[in-house]
Structure formats: C-alpha cells, structure tokens
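Listing of start15.cif; format and content: mmCIF, N, CA and C atoms.
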```cif
data_final
#
loop_
_atom_site.label_atom_id
_atom_site.label_comp_id
_atom_site.auth_asym_id
_atom_site.auth_seq_id
_atom_site.Cartn_x
_atom_site.Cartn_y
_atom_site.Cartn_z
N MET A 1 -15.14 16.92 -10.31
CA MET A 1 -13.69 17.06 -10.44
C MET A 1 -13.00 16.34 -9.28
N LEU A 2 -11.94 15.61 -9.58
CA LEU A 2 -11.20 14.90 -8.55
C LEU A 2 -10.34 15.86 -7.74
N ASP A 3 -10.28 15.63 -6.43
CA ASP A 3 -9.39 16.47 -5.63
C ASP A 3 -7.98 15.90 -5.69
N ALA A 4 -7.02 16.58 -5.07
CA ALA A 4 -5.61 16.21 -5.17
C ALA A 4 -5.35 14.80 -4.64
N ILE A 5 -5.97 14.43 -3.52
CA ILE A 5 -5.74 13.09 -2.96
C ILE A 5 -6.28 12.02 -3.90
N GLU A 6 -7.46 12.24 -4.45
CA GLU A 6 -8.02 11.25 -5.38
C GLU A 6 -7.15 11.09 -6.62
N ARG A 7 -6.62 12.21 -7.14
CA ARG A 7 -5.72 12.14 -8.31
C ARG A 7 -4.45 11.36 -7.98
N GLU A 8 -3.84 11.68 -6.85
CA GLU A 8 -2.60 11.00 -6.46
C GLU A 8 -2.85 9.52 -6.17
N ALA A 9 -3.96 9.20 -5.50
CA ALA A 9 -4.28 7.81 -5.21
C ALA A 9 -4.47 7.03 -6.52
N ALA A 10 -5.15 7.63 -7.47
CA ALA A 10 -5.35 6.98 -8.77
C ALA A 10 -4.01 6.76 -9.47
N ARG A 11 -3.11 7.73 -9.39
CA ARG A 11 -1.79 7.59 -10.00
C ARG A 11 -0.99 6.47 -9.33
N LEU A 12 -1.03 6.42 -7.98
CA LEU A 12 -0.32 5.37 -7.26
C LEU A 12 -0.87 3.98 -7.58
N ARG A 13 -2.20 3.85 -7.64
CA ARG A 13 -2.81 2.55 -7.99
C ARG A 13 -2.37 2.13 -9.39
N ALA A 14 -2.39 3.08 -10.33
CA ALA A 14 -1.99 2.76 -11.71
C ALA A 14 -0.53 2.33 -11.76
N ALA A 15 0.34 3.01 -11.03
CA ALA A 15 1.77 2.64 -11.00
C ALA A 15 1.95 1.25 -10.40
N ALA A 16 1.23 0.96 -9.32
CA ALA A 16 1.35 -0.35 -8.66
C ALA A 16 0.82 -1.46 -9.55
N GLU A 17 -0.28 -1.21 -10.24
CA GLU A 17 -0.85 -2.22 -11.14
C GLU A 17 0.08 -2.45 -12.35
N ALA A 18 0.68 -1.37 -12.85
CA ALA A 18 1.55 -1.48 -14.01
C ALA A 18 2.88 -2.16 -13.69
N LYS A 19 3.33 -2.00 -12.45
CA LYS A 19 4.63 -2.54 -12.08
C LYS A 19 4.56 -3.21 -10.70
N PRO A 20 3.81 -4.33 -10.61
CA PRO A 20 3.73 -5.02 -9.32
C PRO A 20 5.08 -5.66 -8.98
N LEU A 21 5.31 -5.81 -7.69
CA LEU A 21 6.53 -6.49 -7.24
C LEU A 21 6.29 -7.99 -7.33
N ARG A 22 7.21 -8.70 -7.92
CA ARG A 22 7.11 -10.16 -8.06
C ARG A 22 7.84 -10.80 -6.88
N LEU A 23 7.09 -11.48 -6.03
CA LEU A 23 7.69 -12.13 -4.87
C LEU A 23 8.15 -13.52 -5.23
N PRO A 24 9.19 -14.01 -4.63
CA PRO A 24 10.01 -13.42 -3.58
C PRO A 24 11.22 -12.65 -4.10
N VAL A 25 11.41 -12.54 -5.40
CA VAL A 25 12.66 -12.00 -5.91
C VAL A 25 12.72 -10.48 -6.07
N ASN A 26 11.64 -9.83 -6.43
CA ASN A 26 11.67 -8.40 -6.72
C ASN A 26 11.08 -7.62 -5.55
N ARG A 27 11.90 -7.01 -4.74
CA ARG A 27 11.43 -6.21 -3.60
C ARG A 27 11.81 -4.74 -3.75
N ARG A 28 12.24 -4.31 -4.91
CA ARG A 28 12.67 -2.93 -5.10
C ARG A 28 11.46 -2.06 -5.48
N VAL A 29 11.27 -1.00 -4.73
CA VAL A 29 10.18 -0.06 -4.98
C VAL A 29 10.77 1.23 -5.53
N ASP A 30 10.19 1.74 -6.60
CA ASP A 30 10.72 3.00 -7.13
C ASP A 30 9.80 4.17 -6.76
N GLU A 31 10.24 5.35 -7.10
CA GLU A 31 9.54 6.58 -6.70
C GLU A 31 8.16 6.73 -7.33
N THR A 32 7.84 5.98 -8.39
CA THR A 32 6.50 6.10 -8.96
C THR A 32 5.43 5.56 -8.01
N HIS A 33 5.85 4.83 -7.00
CA HIS A 33 4.93 4.27 -6.01
C HIS A 33 4.77 5.18 -4.79
N ARG A 34 5.25 6.40 -4.87
CA ARG A 34 5.25 7.33 -3.74
C ARG A 34 4.63 8.66 -4.11
N ALA A 35 3.90 9.21 -3.15
CA ALA A 35 3.35 10.56 -3.29
C ALA A 35 3.66 11.31 -1.99
N ILE A 36 3.89 12.60 -2.09
CA ILE A 36 4.10 13.45 -0.92
C ILE A 36 3.10 14.59 -1.00
N THR A 37 2.29 14.74 0.06
CA THR A 37 1.29 15.79 0.08
C THR A 37 1.94 17.13 0.43
N ASP A 38 1.21 18.20 0.21
CA ASP A 38 1.72 19.54 0.52
C ASP A 38 2.06 19.70 2.00
N ASP A 39 1.35 18.96 2.87
CA ASP A 39 1.61 19.09 4.31
C ASP A 39 2.62 18.06 4.82
N GLY A 40 3.32 17.34 3.92
CA GLY A 40 4.43 16.48 4.32
C GLY A 40 4.14 15.01 4.55
N LEU A 41 2.96 14.54 4.23
CA LEU A 41 2.65 13.12 4.37
C LEU A 41 3.19 12.37 3.16
N SER A 42 4.04 11.37 3.42
CA SER A 42 4.52 10.48 2.35
C SER A 42 3.60 9.27 2.31
N VAL A 43 3.17 8.91 1.12
CA VAL A 43 2.30 7.75 0.91
C VAL A 43 2.97 6.85 -0.11
N TRP A 44 3.20 5.60 0.29
CA TRP A 44 3.75 4.58 -0.60
C TRP A 44 2.66 3.54 -0.84
N PHE A 45 2.53 3.07 -2.08
CA PHE A 45 1.56 2.02 -2.38
C PHE A 45 2.18 1.03 -3.33
N THR A 46 2.13 -0.25 -2.95
CA THR A 46 2.64 -1.30 -3.82
C THR A 46 1.64 -2.45 -3.88
N ILE A 47 1.75 -3.20 -4.93
CA ILE A 47 1.05 -4.46 -5.07
C ILE A 47 2.13 -5.51 -5.25
N GLN A 48 2.09 -6.53 -4.42
CA GLN A 48 3.08 -7.60 -4.48
C GLN A 48 2.36 -8.88 -4.89
N VAL A 49 2.91 -9.58 -5.87
CA VAL A 49 2.25 -10.78 -6.36
C VAL A 49 3.18 -11.99 -6.29
N SER A 50 2.57 -13.12 -6.02
CA SER A 50 3.25 -14.41 -6.06
C SER A 50 2.32 -15.34 -6.85
N PRO A 51 2.73 -16.56 -7.09
CA PRO A 51 1.87 -17.45 -7.88
C PRO A 51 0.48 -17.69 -7.27
N HIS A 52 0.31 -17.54 -5.97
CA HIS A 52 -0.98 -17.85 -5.36
C HIS A 52 -1.56 -16.74 -4.47
N SER A 53 -0.93 -15.58 -4.44
CA SER A 53 -1.50 -14.51 -3.62
C SER A 53 -1.10 -13.14 -4.15
N ARG A 54 -1.76 -12.16 -3.61
CA ARG A 54 -1.53 -10.77 -3.97
C ARG A 54 -1.65 -9.96 -2.69
N ILE A 55 -0.73 -9.04 -2.47
CA ILE A 55 -0.73 -8.20 -1.29
C ILE A 55 -0.75 -6.75 -1.75
N GLN A 56 -1.74 -6.00 -1.26
CA GLN A 56 -1.77 -4.56 -1.47
C GLN A 56 -1.22 -3.94 -0.19
N GLU A 57 -0.25 -3.05 -0.31
CA GLU A 57 0.38 -2.46 0.87
C GLU A 57 0.44 -0.94 0.73
N ALA A 58 -0.03 -0.25 1.76
CA ALA A 58 0.04 1.21 1.82
C ALA A 58 0.84 1.60 3.06
N ILE A 59 1.80 2.49 2.87
CA ILE A 59 2.64 2.97 3.97
C ILE A 59 2.50 4.48 4.04
N PHE A 60 2.27 4.97 5.25
CA PHE A 60 2.11 6.40 5.50
C PHE A 60 3.20 6.83 6.46
N GLU A 61 3.84 7.96 6.15
CA GLU A 61 4.97 8.39 6.97
C GLU A 61 5.03 9.92 7.03
N ARG A 62 5.37 10.41 8.21
CA ARG A 62 5.59 11.84 8.41
C ARG A 62 6.92 12.03 9.12
N PRO A 63 7.60 13.12 8.86
CA PRO A 63 8.87 13.35 9.56
C PRO A 63 8.68 13.85 11.00
N ASP A 64 7.51 14.41 11.31
CA ASP A 64 7.32 15.08 12.59
C ASP A 64 6.32 14.43 13.54
N ARG A 65 5.49 13.53 13.03
CA ARG A 65 4.47 12.89 13.88
C ARG A 65 3.90 11.67 13.17
N VAL A 66 3.19 10.86 13.93
CA VAL A 66 2.55 9.68 13.36
C VAL A 66 1.34 10.13 12.53
N PRO A 67 1.16 9.61 11.34
CA PRO A 67 -0.03 9.95 10.54
C PRO A 67 -1.31 9.58 11.31
N SER A 68 -2.31 10.42 11.20
CA SER A 68 -3.56 10.22 11.94
C SER A 68 -4.43 9.14 11.30
N ASP A 69 -5.36 8.61 12.11
CA ASP A 69 -6.32 7.62 11.59
C ASP A 69 -7.10 8.20 10.43
N GLU A 70 -7.53 9.45 10.56
CA GLU A 70 -8.37 10.08 9.54
C GLU A 70 -7.65 10.18 8.19
N GLU A 71 -6.41 10.65 8.20
CA GLU A 71 -5.72 10.78 6.92
C GLU A 71 -5.37 9.42 6.32
N CYS A 72 -5.05 8.44 7.14
CA CYS A 72 -4.79 7.10 6.62
C CYS A 72 -6.06 6.50 6.02
N ARG A 73 -7.19 6.63 6.71
CA ARG A 73 -8.46 6.07 6.21
C ARG A 73 -8.85 6.68 4.87
N ARG A 74 -8.64 7.98 4.71
CA ARG A 74 -9.01 8.63 3.44
C ARG A 74 -8.23 8.03 2.28
N TRP A 75 -6.93 7.86 2.47
CA TRP A 75 -6.11 7.27 1.41
C TRP A 75 -6.42 5.79 1.22
N LEU A 76 -6.60 5.05 2.31
CA LEU A 76 -6.85 3.60 2.21
C LEU A 76 -8.09 3.31 1.38
N GLY A 77 -9.14 4.11 1.57
CA GLY A 77 -10.36 3.91 0.82
C GLY A 77 -10.17 4.08 -0.68
N LEU A 78 -9.15 4.84 -1.06
CA LEU A 78 -8.88 5.08 -2.48
C LEU A 78 -7.82 4.13 -3.05
N LEU A 79 -6.95 3.64 -2.18
CA LEU A 79 -5.85 2.79 -2.65
C LEU A 79 -6.17 1.31 -2.64
N ILE A 80 -6.57 0.81 -1.49
CA ILE A 80 -6.80 -0.63 -1.35
C ILE A 80 -8.23 -0.95 -1.74
N VAL A 81 -8.35 -1.66 -2.86
CA VAL A 81 -9.65 -1.93 -3.45
C VAL A 81 -9.92 -3.43 -3.42
N GLY A 82 -11.13 -3.79 -3.05
CA GLY A 82 -11.54 -5.18 -3.10
C GLY A 82 -11.07 -6.04 -1.95
N ALA A 83 -10.52 -5.43 -0.91
CA ALA A 83 -10.04 -6.19 0.24
C ALA A 83 -10.04 -5.29 1.47
N GLU A 84 -10.03 -5.91 2.64
CA GLU A 84 -10.00 -5.19 3.91
C GLU A 84 -8.55 -5.00 4.34
N ALA A 85 -8.16 -3.75 4.59
CA ALA A 85 -6.78 -3.47 5.02
C ALA A 85 -6.66 -3.60 6.53
N THR A 86 -5.55 -4.20 6.94
CA THR A 86 -5.25 -4.30 8.38
C THR A 86 -3.92 -3.62 8.64
N GLU A 87 -3.85 -2.96 9.79
CA GLU A 87 -2.61 -2.28 10.13
C GLU A 87 -1.62 -3.28 10.70
N ALA A 88 -0.41 -3.23 10.19
CA ALA A 88 0.67 -4.09 10.68
C ALA A 88 1.30 -3.44 11.90
N PRO A 89 1.77 -4.24 12.85
CA PRO A 89 2.43 -3.66 14.02
C PRO A 89 3.65 -2.85 13.60
N GLY A 90 3.86 -1.75 14.31
CA GLY A 90 5.00 -0.90 14.01
C GLY A 90 5.97 -0.86 15.18
N LEU A 91 7.09 -0.24 14.95
CA LEU A 91 8.08 -0.09 16.00
C LEU A 91 7.70 1.05 16.93
N PRO A 92 7.97 0.93 18.21
CA PRO A 92 7.67 2.02 19.15
C PRO A 92 8.39 3.31 18.72
N GLY A 93 7.65 4.40 18.72
CA GLY A 93 8.23 5.69 18.37
C GLY A 93 8.35 5.97 16.88
N ALA A 94 7.95 5.03 16.04
CA ALA A 94 8.06 5.22 14.59
C ALA A 94 7.02 6.22 14.10
N MET A 95 7.36 6.94 13.07
CA MET A 95 6.45 7.91 12.44
C MET A 95 5.82 7.32 11.19
N THR A 96 5.79 5.99 11.14
CA THR A 96 5.30 5.26 9.97
C THR A 96 4.16 4.34 10.36
N ARG A 97 3.16 4.24 9.49
CA ARG A 97 2.07 3.27 9.66
C ARG A 97 1.96 2.48 8.37
N ARG A 98 1.78 1.16 8.51
CA ARG A 98 1.72 0.27 7.35
C ARG A 98 0.43 -0.54 7.40
N PHE A 99 -0.26 -0.60 6.27
CA PHE A 99 -1.51 -1.34 6.14
C PHE A 99 -1.36 -2.33 4.99
N GLU A 100 -1.92 -3.52 5.20
CA GLU A 100 -1.84 -4.57 4.19
C GLU A 100 -3.20 -5.21 3.96
N ALA A 101 -3.40 -5.67 2.75
CA ALA A 101 -4.59 -6.45 2.42
C ALA A 101 -4.11 -7.65 1.61
N PHE A 102 -4.42 -8.84 2.11
CA PHE A 102 -3.99 -10.08 1.47
C PHE A 102 -5.14 -10.70 0.68
N GLU A 103 -4.82 -11.16 -0.51
CA GLU A 103 -5.79 -11.88 -1.33
C GLU A 103 -5.14 -13.21 -1.72
N HIS A 104 -5.77 -14.30 -1.33
CA HIS A 104 -5.23 -15.63 -1.63
C HIS A 104 -6.09 -16.32 -2.69
N SER A 105 -5.44 -17.12 -3.50
CA SER A 105 -6.13 -17.95 -4.48
C SER A 105 -5.82 -19.41 -4.15
N PRO A 106 -6.63 -20.02 -3.27
CA PRO A 106 -6.33 -21.40 -2.85
C PRO A 106 -6.22 -22.39 -4.00
N GLU A 107 -6.94 -22.18 -5.09
CA GLU A 107 -6.87 -23.12 -6.21
C GLU A 107 -5.51 -23.12 -6.88
N ARG A 108 -4.70 -22.08 -6.62
CA ARG A 108 -3.37 -22.02 -7.21
C ARG A 108 -2.27 -22.38 -6.21
N GLU A 109 -2.61 -22.68 -4.98
CA GLU A 109 -1.60 -23.03 -3.97
C GLU A 109 -1.19 -24.50 -4.14
N ALA A 110 0.04 -24.79 -3.76
CA ALA A 110 0.55 -26.16 -3.82
C ALA A 110 -0.19 -27.00 -2.77
N PRO A 111 -0.49 -28.26 -3.08
CA PRO A 111 -1.16 -29.10 -2.09
C PRO A 111 -0.27 -29.33 -0.87
N ILE A 112 -0.91 -29.46 0.28
CA ILE A 112 -0.18 -29.73 1.51
C ILE A 112 0.19 -31.21 1.54
N ALA A 113 1.48 -31.49 1.71
CA ALA A 113 1.96 -32.89 1.69
C ALA A 113 1.71 -33.59 2.99
#
```
Would you mind writing the file out in structure tokens?
Amino acid sequence: MLDAIEREAARLRAAAEAKPLRLPVNRRVDETHRAITDDGLSVWFTIQVSPHSRIQEAIFERPDRVPSDEECRRWLGLLIVGAEATEAPGLPGAMTRRFEAFEHSPEREAPIA
C-alpha cells in the first residue's frame, strides 16, 4: 500500500505530465501542481518544456522553517525521475528550497552560427 507521500507525489507527477508549462510563454502554475502535508510542508512540482529541453522542478516551502534535507530527499526521489536534481541557490533567510533537473536534446537544438 502506498503511503501518503507516495500518493501525493504520484498525483503531482501526473498533474505535471498532463499539463507541462510551455516555455517561454506559459509560466502560470495552478494548484494541481501543489500538495500540502499535514505538518505544513508545501510541495510544488512542475515540468517545463521547450523545443529542445525539459526541466523538472520541485519547490519545498514551510511557513516556520527551512525544509530539511531528509524531507526534500524523500519527495525528490518520488518526483524527479530519470535525472539528477540540483538545488538552486536561494535567498538568505528564505523558507523555500528549489531543486531542478535539466534534460537536453541536442539533436533538436538550433545549430550554433
């Protein structure tokens, strides 16, 4: 049986796959890409696509403290599939952590002039 985090992660992945953001024009994220745990952790997951790349992005946020490494790792293992996630630099004092995984398709990129 799946636990609550696994169920929510599966729901977020399905929402992101069903409604990826089209770059550079579509940057609006709706609530289907967000989950809030019983202990107050907000988790956002999106997939952003362009003609030659795909970005999986997970954002973790708490109102009272920075999300821990352990809780971020648990979600990341379920959300970001097929790529290595790296943490993006954050603002000092922020209660948010952002992780990204980039996938490039060089065969679809424009040639360098």
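Among the residues of segment 2-94 of chain A, backbone DSSP assigns strand (DSSP E or B) to Leu21, Arg22, Arg34, Ala35, Ile36, Ser42, Val43, Trp44, Phe45, Thr46, Ile47, Gln48, Val49, Ser53, Arg54, Ile55, Gln56, Glu57, Ala58, Ile59, Phe60, Glu61, Thr86, Glu87 and Ala88 of chain A.
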Hey, what's within 8 Å of segment 34-45 of chain A if we count all atoms listed in the file and toss same-chain stuff fewer than 5 positions away? As an NGL selection string, please? :A and (8-9 or 11-13 or 15-17 or 29 or 56-64 or 67 or 79)
Sel. of helix (DSSP H, G or I) residues, chain A, as JSON, numbers by chain: {"A": [4, 5, 6, 7, 8, 9, 10, 11, 12, 13, 14, 15, 16, 17, 18, 31, 32, 33, 69, 70, 71, 72, 73, 74, 75, 76, 77, 78, 79, 106, 107, 108]}
Taken to one decimal, the atom CA of Arg54 of chain A-atom CA of Ala85 of chain A distance is 12.7 Å
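By only C-alpha atoms, and with residues fewer than 5 positions from Arg22 of chain A along its chain excluded, the set lying at most 9 Å from it is Arg27, Ile47, Gln48, Val49, Ser50 and Pro51 of chain A.
The two atoms in question, atom CA of Ala18 of chain A and atom C of Cys72 of chain A, are spaced 22.9 Å apart.
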Find the residue from A:Leu78, A:Leu21, A:Val66, A:Ile55 that sits nearest to Thr96 of chain A; use only N, CA and C atoms when measuring. A:Val66
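Note that atom CA of Met95 of chain A and atom CA of Glu71 of chain A are 13.7 Å apart.
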Edge lengths and centre in Å, axis-aligned, segment 6-18 of chain A plus 4 Å each side, as JSON:
```
{"center_x": -2.6, "center_y": 4.9, "center_z": -9.2, "size_x": 18.9, "size_y": 22.7, "size_z": 17.6}
```
